[in-house]
file work01.txt (compact mmCIF, C-alpha atoms)
# COMPACT_ATOMS: atom_id res chain seq x y z
CA MET A 1 -8.16 -175.48 -284.87
CA ARG A 2 -6.42 -174.28 -288.05
CA ARG A 3 -4.42 -176.83 -290.00
CA LYS A 4 -0.83 -175.89 -290.75
CA VAL A 5 0.04 -176.52 -294.35
CA VAL A 6 3.55 -177.85 -294.64
CA ARG A 7 5.74 -176.60 -297.45
CA GLU A 8 6.70 -180.07 -298.70
CA GLY A 9 3.11 -181.14 -299.34
CA LEU A 10 1.80 -177.82 -300.60
CA ALA A 11 2.29 -178.48 -304.32
CA GLN A 12 0.43 -181.78 -304.14
CA ARG A 13 -2.39 -180.29 -302.04
CA LEU A 14 -2.80 -177.45 -304.55
CA THR A 15 -2.88 -179.97 -307.40
CA ASP A 16 -5.59 -181.97 -305.61
CA LEU A 17 -7.83 -178.97 -304.81
CA PRO A 18 -9.89 -179.02 -308.06
CA SER A 19 -10.96 -182.60 -307.37
CA LEU A 20 -12.59 -181.69 -304.03
CA ALA A 21 -16.37 -181.68 -303.83
CA LEU A 22 -17.94 -178.31 -303.01
CA PRO A 23 -18.83 -179.27 -299.40
CA ASP A 24 -15.23 -180.37 -298.83
CA LEU A 25 -13.90 -177.15 -300.35
CA LYS A 26 -16.18 -175.10 -298.08
CA ALA A 27 -15.04 -177.12 -295.06
CA LEU A 28 -11.41 -176.48 -296.00
CA TRP A 29 -12.15 -172.74 -296.30
CA THR A 30 -13.65 -172.78 -292.79
CA GLU A 31 -10.68 -174.71 -291.45
CA LEU A 32 -8.15 -172.33 -293.03
CA THR A 33 -9.87 -169.04 -292.21
CA GLY A 34 -11.96 -169.77 -289.12
CA ASN A 35 -15.03 -168.38 -290.94
CA GLU A 36 -17.79 -169.74 -293.13
CA PRO A 37 -17.31 -169.00 -296.84
CA PRO A 38 -19.55 -166.31 -298.34
CA ALA A 39 -22.88 -167.86 -299.32
CA ARG A 40 -22.83 -166.75 -302.95
CA MET A 41 -19.16 -167.35 -303.70
CA ARG A 42 -18.71 -169.29 -306.94
CA ARG A 43 -16.79 -172.54 -306.78
CA ASP A 44 -13.94 -171.33 -308.99
CA LEU A 45 -13.41 -168.25 -306.82
CA LEU A 46 -13.62 -170.32 -303.64
CA LEU A 47 -11.02 -172.69 -305.09
CA ARG A 48 -8.64 -169.80 -305.82
CA ALA A 49 -9.19 -168.25 -302.39
CA VAL A 50 -8.46 -171.55 -300.62
CA ALA A 51 -5.31 -172.04 -302.73
CA TYR A 52 -4.16 -168.51 -301.92
CA ARG A 53 -4.76 -169.01 -298.18
CA MET A 54 -2.82 -172.29 -298.20
CA GLN A 55 0.13 -170.57 -299.88
CA GLU A 56 -0.17 -167.59 -297.55
CA GLN A 57 0.17 -169.87 -294.52
CA VAL A 58 3.37 -171.36 -295.90
CA TYR A 59 5.02 -168.34 -297.52
CA GLY A 60 3.43 -165.40 -295.70
CA GLY A 61 0.93 -162.78 -296.82
CA LEU A 62 1.13 -159.38 -298.38
CA GLY A 63 3.37 -156.75 -296.82
CA ALA A 64 2.00 -153.60 -295.18
CA VAL A 65 2.88 -151.35 -298.13
CA ILE A 66 1.04 -153.55 -300.63
CA ARG A 67 -1.98 -153.87 -298.31
CA ARG A 68 -2.15 -150.05 -298.05
CA ARG A 69 -1.91 -149.67 -301.84
CA LEU A 70 -4.68 -152.20 -302.36
CA LEU A 71 -6.88 -150.51 -299.75
CA HIS A 72 -6.29 -147.13 -301.41
CA ALA A 73 -7.12 -148.59 -304.84
CA ALA A 74 -10.33 -150.16 -303.46
CA GLU A 75 -11.36 -146.85 -301.88
CA ASN A 76 -10.76 -145.05 -305.18
CA ALA A 77 -12.74 -147.65 -307.11
CA SER A 78 -15.64 -147.48 -304.64
CA ALA A 79 -15.70 -143.69 -304.89
CA GLY A 80 -15.69 -143.79 -308.70
CA ARG A 81 -12.17 -142.34 -308.92
CA PRO A 82 -9.61 -143.80 -311.32
CA VAL A 83 -7.36 -146.51 -309.96
CA VAL A 84 -3.82 -145.75 -311.06
CA PRO A 85 -1.17 -148.41 -310.50
CA ALA A 86 1.94 -147.40 -308.59
CA GLU A 87 4.92 -147.52 -310.88
CA SER A 88 8.57 -147.59 -310.13
CA PRO A 89 9.94 -144.07 -310.59
CA ALA A 90 12.77 -145.26 -312.84
CA LYS A 91 13.70 -148.52 -314.52
CA PRO A 92 17.21 -150.01 -314.48
CA GLY A 93 19.41 -148.32 -317.04
CA THR A 94 17.73 -144.94 -316.65
CA ARG A 95 20.18 -142.03 -316.51
CA LEU A 96 19.10 -139.11 -314.33
CA LEU A 97 20.71 -135.68 -314.29
CA ARG A 98 20.19 -132.96 -311.69
CA GLU A 99 21.88 -129.63 -311.41
CA TRP A 100 22.44 -128.52 -307.84
CA GLN A 101 24.26 -125.33 -306.89
CA GLY A 102 25.94 -125.09 -310.29
CA VAL A 103 27.08 -128.74 -310.39
CA THR A 104 25.46 -131.37 -312.62
CA HIS A 105 24.99 -134.71 -310.84
CA GLU A 106 24.39 -137.94 -312.76
CA VAL A 107 22.95 -141.21 -311.43
CA ILE A 108 22.30 -144.46 -313.28
CA VAL A 109 19.47 -146.63 -311.96
CA GLU A 110 20.53 -150.27 -311.48
CA ASP A 111 18.72 -153.39 -310.25
CA THR A 112 20.31 -153.15 -306.81
CA GLY A 113 20.29 -149.36 -306.32
CA VAL A 114 21.67 -146.32 -308.11
CA ARG A 115 25.21 -145.65 -309.29
CA TYR A 116 26.58 -142.25 -308.33
CA ARG A 117 30.24 -141.24 -308.60
CA GLY A 118 31.36 -144.83 -309.14
CA ALA A 119 29.57 -146.28 -306.11
CA VAL A 120 26.20 -148.04 -305.80
CA TRP A 121 23.83 -146.33 -303.39
CA PRO A 122 20.72 -147.99 -301.93
CA SER A 123 18.28 -145.33 -303.17
CA LEU A 124 17.79 -142.03 -304.94
CA SER A 125 17.01 -140.50 -301.56
CA ALA A 126 20.43 -141.53 -300.22
CA VAL A 127 22.09 -139.81 -303.19
CA ALA A 128 19.93 -136.71 -302.81
CA ARG A 129 20.93 -136.53 -299.12
CA GLU A 130 24.61 -136.86 -300.10
CA ILE A 131 24.31 -134.06 -302.65
CA THR A 132 22.27 -131.61 -300.55
CA GLY A 133 23.20 -132.53 -297.00
CA ALA A 134 19.48 -132.61 -296.16
CA ARG A 135 16.70 -135.21 -296.22
CA TRP A 136 15.05 -135.16 -299.63
CA SER A 137 12.70 -137.44 -301.46
CA GLY A 138 15.06 -138.83 -304.10
CA PRO A 139 12.37 -139.20 -306.77
CA ARG A 140 11.27 -135.62 -306.12
CA PHE A 141 14.85 -134.29 -306.10
CA PHE A 142 15.58 -135.94 -309.46
CA GLY A 143 12.28 -134.76 -310.98
CA LEU A 144 10.45 -138.08 -311.04
CA LYS A 145 7.62 -136.82 -308.82
CA GLU A 146 5.83 -133.53 -309.04
CA THR A 147 5.97 -131.24 -306.04
CA SER A 148 2.74 -130.67 -304.15
CA PRO A 149 0.79 -127.54 -305.19

call {"tool": "encode", "arguments": {"input": "work01.txt", "output": "structure tokens"}}
result
Amino acid sequence: MRRKVVREGLAQRLTDLPSLALPDLKALWTELTGNEPPARMRRDLLLRAVAYRMQEQVYGGLGAVIRRRLLHAAENASAGRPVVPAESPAKPGTRLLREWQGVTHEVIVEDTGVRYRGAVWPSLSAVAREITGARWSGPRFFGLKETSP
């Protein structure tokens, strides 16, 4: 049976982890994951993995998008391809201009969305849809992503 880690005691349990003997740390791993720890896992890595799992049980794990990005990065690394981090297409404060059908459109990227014509929109794609009347990738429409060959 897996032990539920309660939020209130998590900080203290994390603080106490380094003082656990290796057999106790391995037993905690088994309790938290339902599996035996890898035989050759170093103590410091096992300690970090147990701490992560405890926090994951309280606060939740990685979202689907992040899991897919990590899987893609691992596949690239295994195949000897470069692993390129995903970056935000534009940072807050960035001013983007796009001419569409003879009219220049300006958006300013903000922390909570993008400002277009005095209103804050949830995304570049929402603004691109407003401008064109069709579904567009906002980053592609505003020239932040290259088009496919």

call {"tool": "closest_residue", "arguments": {"input": "work01.txt", "among": "A:Val103, A:Leu96, A:Val83, A:Val109", "to": "Phe141 of chain A", "atoms": "only C-alpha atoms"}}
result
A:Leu96

call {"tool": "residues_around", "arguments": {"input": "work01.txt", "residues": "segment 18-30 of chain A", "least_positions_apart": "6", "cutoff": "12 Å", "atoms": "all atoms listed in the file", "output": "list in words"}}
result
Met1, Arg2, Arg3, Lys4, Val5, Gln12, Glu36, Pro37, Pro38, Ala39, Arg40, Met41, Arg42, Arg43, Asp44, Leu45, Leu46, Leu47, Arg48, Ala49, Val50, Ala51, Tyr52, Arg53 and Met54 of chain A

call {"tool": "closest_residue", "arguments": {"input": "work01.txt", "among": "A:Val107, A:Val65, A:Leu17, A:Leu97", "to": "Val120 of chain A", "atoms": "all atoms listed in the file"}}
result
A:Val107

call {"tool": "atom_distance", "arguments": {"input": "work01.txt", "atom1": "atom CA of Leu14 of chain A", "atom2": "atom CA of Glu56 of chain A"}}
result
12.4 Å

call {"tool": "closest_residue", "arguments": {"input": "work01.txt", "among": "A:Trp100, A:Glu110, A:Gly34, A:Gly80", "to": "Gly133 of chain A", "atoms": "all atoms listed in the file"}}
result
A:Trp100

call {"tool": "axis_aligned_box", "arguments": {"input": "work01.txt", "around": "segment 134-139 of chain A", "padding_each_side": "5 Å", "output": "JSON"}}
result
{"center_x": 15.9, "center_y": -135.9, "center_z": -301.5, "size_x": 17.1, "size_y": 16.6, "size_z": 20.6}

call {"tool": "atom_distance", "arguments": {"input": "work01.txt", "atom1": "atom CA of Phe142 of chain A", "atom2": "atom CA of Arg98 of chain A"}}
result
5.9 Å

call {"tool": "residues_around", "arguments": {"input": "work01.txt", "residues": "Glu106 of chain A", "least_positions_apart": "5", "cutoff": "12 Å", "atoms": "all atoms listed in the file", "output": "PyMOL selection string"}}
result
chain A and resi 94-100+114-119+124+127-128+131+142

call {"tool": "atom_distance", "arguments": {"input": "work01.txt", "atom1": "atom CA of Gly60 of chain A", "atom2": "atom CA of Ser125 of chain A"}}
result
29.0 Å

call {"tool": "closest_residue", "arguments": {"input": "work01.txt", "among": "A:Gly93, A:Arg140, A:Glu130, A:Leu62", "to": "Thr112 of chain A", "atoms": "all atoms listed in the file"}}
result
A:Gly93

call {"tool": "residues_near_point", "arguments": {"input": "work01.txt", "point": "(5.6, -174.8, -299.0)", "cutoff": "9 Å", "atoms": "all atoms listed in the file", "output": "count of residues only"}}
result
12

call {"tool": "build_atoms", "arguments": {"input": "work01.txt", "residues": "segment 8-44 of chain A", "atoms": "N, CA and C atoms", "output": "JSON list (two decimals), in the frame of the given file"}}
result
[["chain", "number", "residue", "atom", "x", "y", "z"],
["A", 8, "GLU", "N", 6.40, -178.92, -297.85],
["A", 8, "GLU", "CA", 6.70, -180.07, -298.70],
["A", 8, "GLU", "C", 5.46, -180.60, -299.40],
["A", 9, "GLY", "N", 4.32, -180.57, -298.75],
["A", 9, "GLY", "CA", 3.11, -181.14, -299.34],
["A", 9, "GLY", "C", 2.23, -180.12, -300.04],
["A", 10, "LEU", "N", 2.65, -178.87, -300.05],
["A", 10, "LEU", "CA", 1.80, -177.82, -300.60],
["A", 10, "LEU", "C", 1.51, -178.02, -302.09],
["A", 11, "ALA", "N", 2.50, -178.32, -302.88],
["A", 11, "ALA", "CA", 2.29, -178.48, -304.32],
["A", 11, "ALA", "C", 1.27, -179.57, -304.61],
["A", 12, "GLN", "N", 1.37, -180.69, -303.91],
["A", 12, "GLN", "CA", 0.43, -181.78, -304.14],
["A", 12, "GLN", "C", -0.97, -181.38, -303.68],
["A", 13, "ARG", "N", -1.06, -180.71, -302.55],
["A", 13, "ARG", "CA", -2.39, -180.29, -302.04],
["A", 13, "ARG", "C", -3.04, -179.29, -303.01],
["A", 14, "LEU", "N", -2.25, -178.41, -303.58],
["A", 14, "LEU", "CA", -2.80, -177.45, -304.55],
["A", 14, "LEU", "C", -3.26, -178.17, -305.81],
["A", 15, "THR", "N", -2.51, -179.17, -306.22],
["A", 15, "THR", "CA", -2.88, -179.97, -307.40],
["A", 15, "THR", "C", -4.18, -180.72, -307.16],
["A", 16, "ASP", "N", -4.39, -181.18, -305.94],
["A", 16, "ASP", "CA", -5.59, -181.97, -305.61],
["A", 16, "ASP", "C", -6.84, -181.12, -305.38],
["A", 17, "LEU", "N", -6.68, -179.82, -305.15],
["A", 17, "LEU", "CA", -7.83, -178.97, -304.81],
["A", 17, "LEU", "C", -8.99, -179.06, -305.81],
["A", 18, "PRO", "N", -8.76, -178.99, -307.12],
["A", 18, "PRO", "CA", -9.89, -179.02, -308.06],
["A", 18, "PRO", "C", -10.74, -180.28, -307.98],
["A", 19, "SER", "N", -10.19, -181.35, -307.46],
["A", 19, "SER", "CA", -10.96, -182.60, -307.37],
["A", 19, "SER", "C", -11.87, -182.64, -306.15],
["A", 20, "LEU", "N", -11.75, -181.69, -305.24],
["A", 20, "LEU", "CA", -12.59, -181.69, -304.03],
["A", 20, "LEU", "C", -14.04, -181.35, -304.38],
["A", 21, "ALA", "N", -14.95, -182.00, -303.70],
["A", 21, "ALA", "CA", -16.37, -181.68, -303.83],
["A", 21, "ALA", "C", -16.61, -180.34, -303.14],
["A", 22, "LEU", "N", -17.65, -179.63, -303.56],
["A", 22, "LEU", "CA", -17.94, -178.31, -303.01],
["A", 22, "LEU", "C", -18.06, -178.31, -301.48],
["A", 23, "PRO", "N", -18.76, -179.27, -300.87],
["A", 23, "PRO", "CA", -18.83, -179.27, -299.40],
["A", 23, "PRO", "C", -17.44, -179.41, -298.75],
["A", 24, "ASP", "N", -16.58, -180.20, -299.36],
["A", 24, "ASP", "CA", -15.23, -180.37, -298.83],
["A", 24, "ASP", "C", -14.41, -179.09, -298.99],
["A", 25, "LEU", "N", -14.59, -178.42, -300.10],
["A", 25, "LEU", "CA", -13.90, -177.15, -300.35],
["A", 25, "LEU", "C", -14.35, -176.09, -299.34],
["A", 26, "LYS", "N", -15.65, -176.05, -299.07],
["A", 26, "LYS", "CA", -16.18, -175.10, -298.08],
["A", 26, "LYS", "C", -15.66, -175.42, -296.68],
["A", 27, "ALA", "N", -15.57, -176.71, -296.37],
["A", 27, "ALA", "CA", -15.04, -177.12, -295.06],
["A", 27, "ALA", "C", -13.57, -176.72, -294.93],
["A", 28, "LEU", "N", -12.82, -176.86, -296.00],
["A", 28, "LEU", "CA", -11.41, -176.48, -296.00],
["A", 28, "LEU", "C", -11.27, -174.97, -295.82],
["A", 29, "TRP", "N", -12.14, -174.20, -296.49],
["A", 29, "TRP", "CA", -12.15, -172.74, -296.30],
["A", 29, "TRP", "C", -12.35, -172.41, -294.83],
["A", 30, "THR", "N", -13.35, -173.03, -294.21],
["A", 30, "THR", "CA", -13.65, -172.78, -292.79],
["A", 30, "THR", "C", -12.47, -173.15, -291.92],
["A", 31, "GLU", "N", -11.83, -174.26, -292.22],
["A", 31, "GLU", "CA", -10.68, -174.71, -291.45],
["A", 31, "GLU", "C", -9.51, -173.74, -291.58],
["A", 32, "LEU", "N", -9.29, -173.21, -292.78],
["A", 32, "LEU", "CA", -8.15, -172.33, -293.03],
["A", 32, "LEU", "C", -8.36, -170.90, -292.52],
["A", 33, "THR", "N", -9.61, -170.44, -292.55],
["A", 33, "THR", "CA", -9.87, -169.04, -292.21],
["A", 33, "THR", "C", -10.55, -168.85, -290.86],
["A", 34, "GLY", "N", -11.20, -169.90, -290.37],
["A", 34, "GLY", "CA", -11.96, -169.77, -289.12],
["A", 34, "GLY", "C", -13.33, -169.16, -289.34],
["A", 35, "ASN", "N", -13.73, -168.97, -290.59],
["A", 35, "ASN", "CA", -15.03, -168.38, -290.94],
["A", 35, "ASN", "C", -15.72, -169.24, -291.99],
["A", 36, "GLU", "N", -17.03, -169.08, -292.07],
["A", 36, "GLU", "CA", -17.79, -169.74, -293.13],
["A", 36, "GLU", "C", -17.53, -168.99, -294.44],
["A", 37, "PRO", "N", -17.49, -169.69, -295.56],
["A", 37, "PRO", "CA", -17.31, -169.00, -296.84],
["A", 37, "PRO", "C", -18.55, -168.17, -297.17],
["A", 38, "PRO", "N", -18.38, -167.09, -297.92],
["A", 38, "PRO", "CA", -19.55, -166.31, -298.34],
["A", 38, "PRO", "C", -20.55, -167.19, -299.07],
["A", 39, "ALA", "N", -21.83, -166.98, -298.81],
["A", 39, "ALA", "CA", -22.88, -167.86, -299.32],
["A", 39, "ALA", "C", -22.93, -167.90, -300.85],
["A", 40, "ARG", "N", -22.68, -166.80, -301.49],
["A", 40, "ARG", "CA", -22.83, -166.75, -302.95],
["A", 40, "ARG", "C", -21.50, -166.82, -303.70],
["A", 41, "MET", "N", -20.46, -167.26, -303.04],
["A", 41, "MET", "CA", -19.16, -167.35, -303.70],
["A", 41, "MET", "C", -19.16, -168.52, -304.68],
["A", 42, "ARG", "N", -18.79, -168.24, -305.93],
["A", 42, "ARG", "CA", -18.71, -169.29, -306.94],
["A", 42, "ARG", "C", -17.60, -170.27, -306.60],
["A", 43, "ARG", "N", -17.75, -171.48, -307.08],
["A", 43, "ARG", "CA", -16.79, -172.54, -306.78],
["A", 43, "ARG", "C", -15.38, -172.18, -307.25],
["A", 44, "ASP", "N", -15.26, -171.63, -308.46],
["A", 44, "ASP", "CA", -13.94, -171.33, -308.99],
["A", 44, "ASP", "C", -13.23, -170.25, -308.16]]
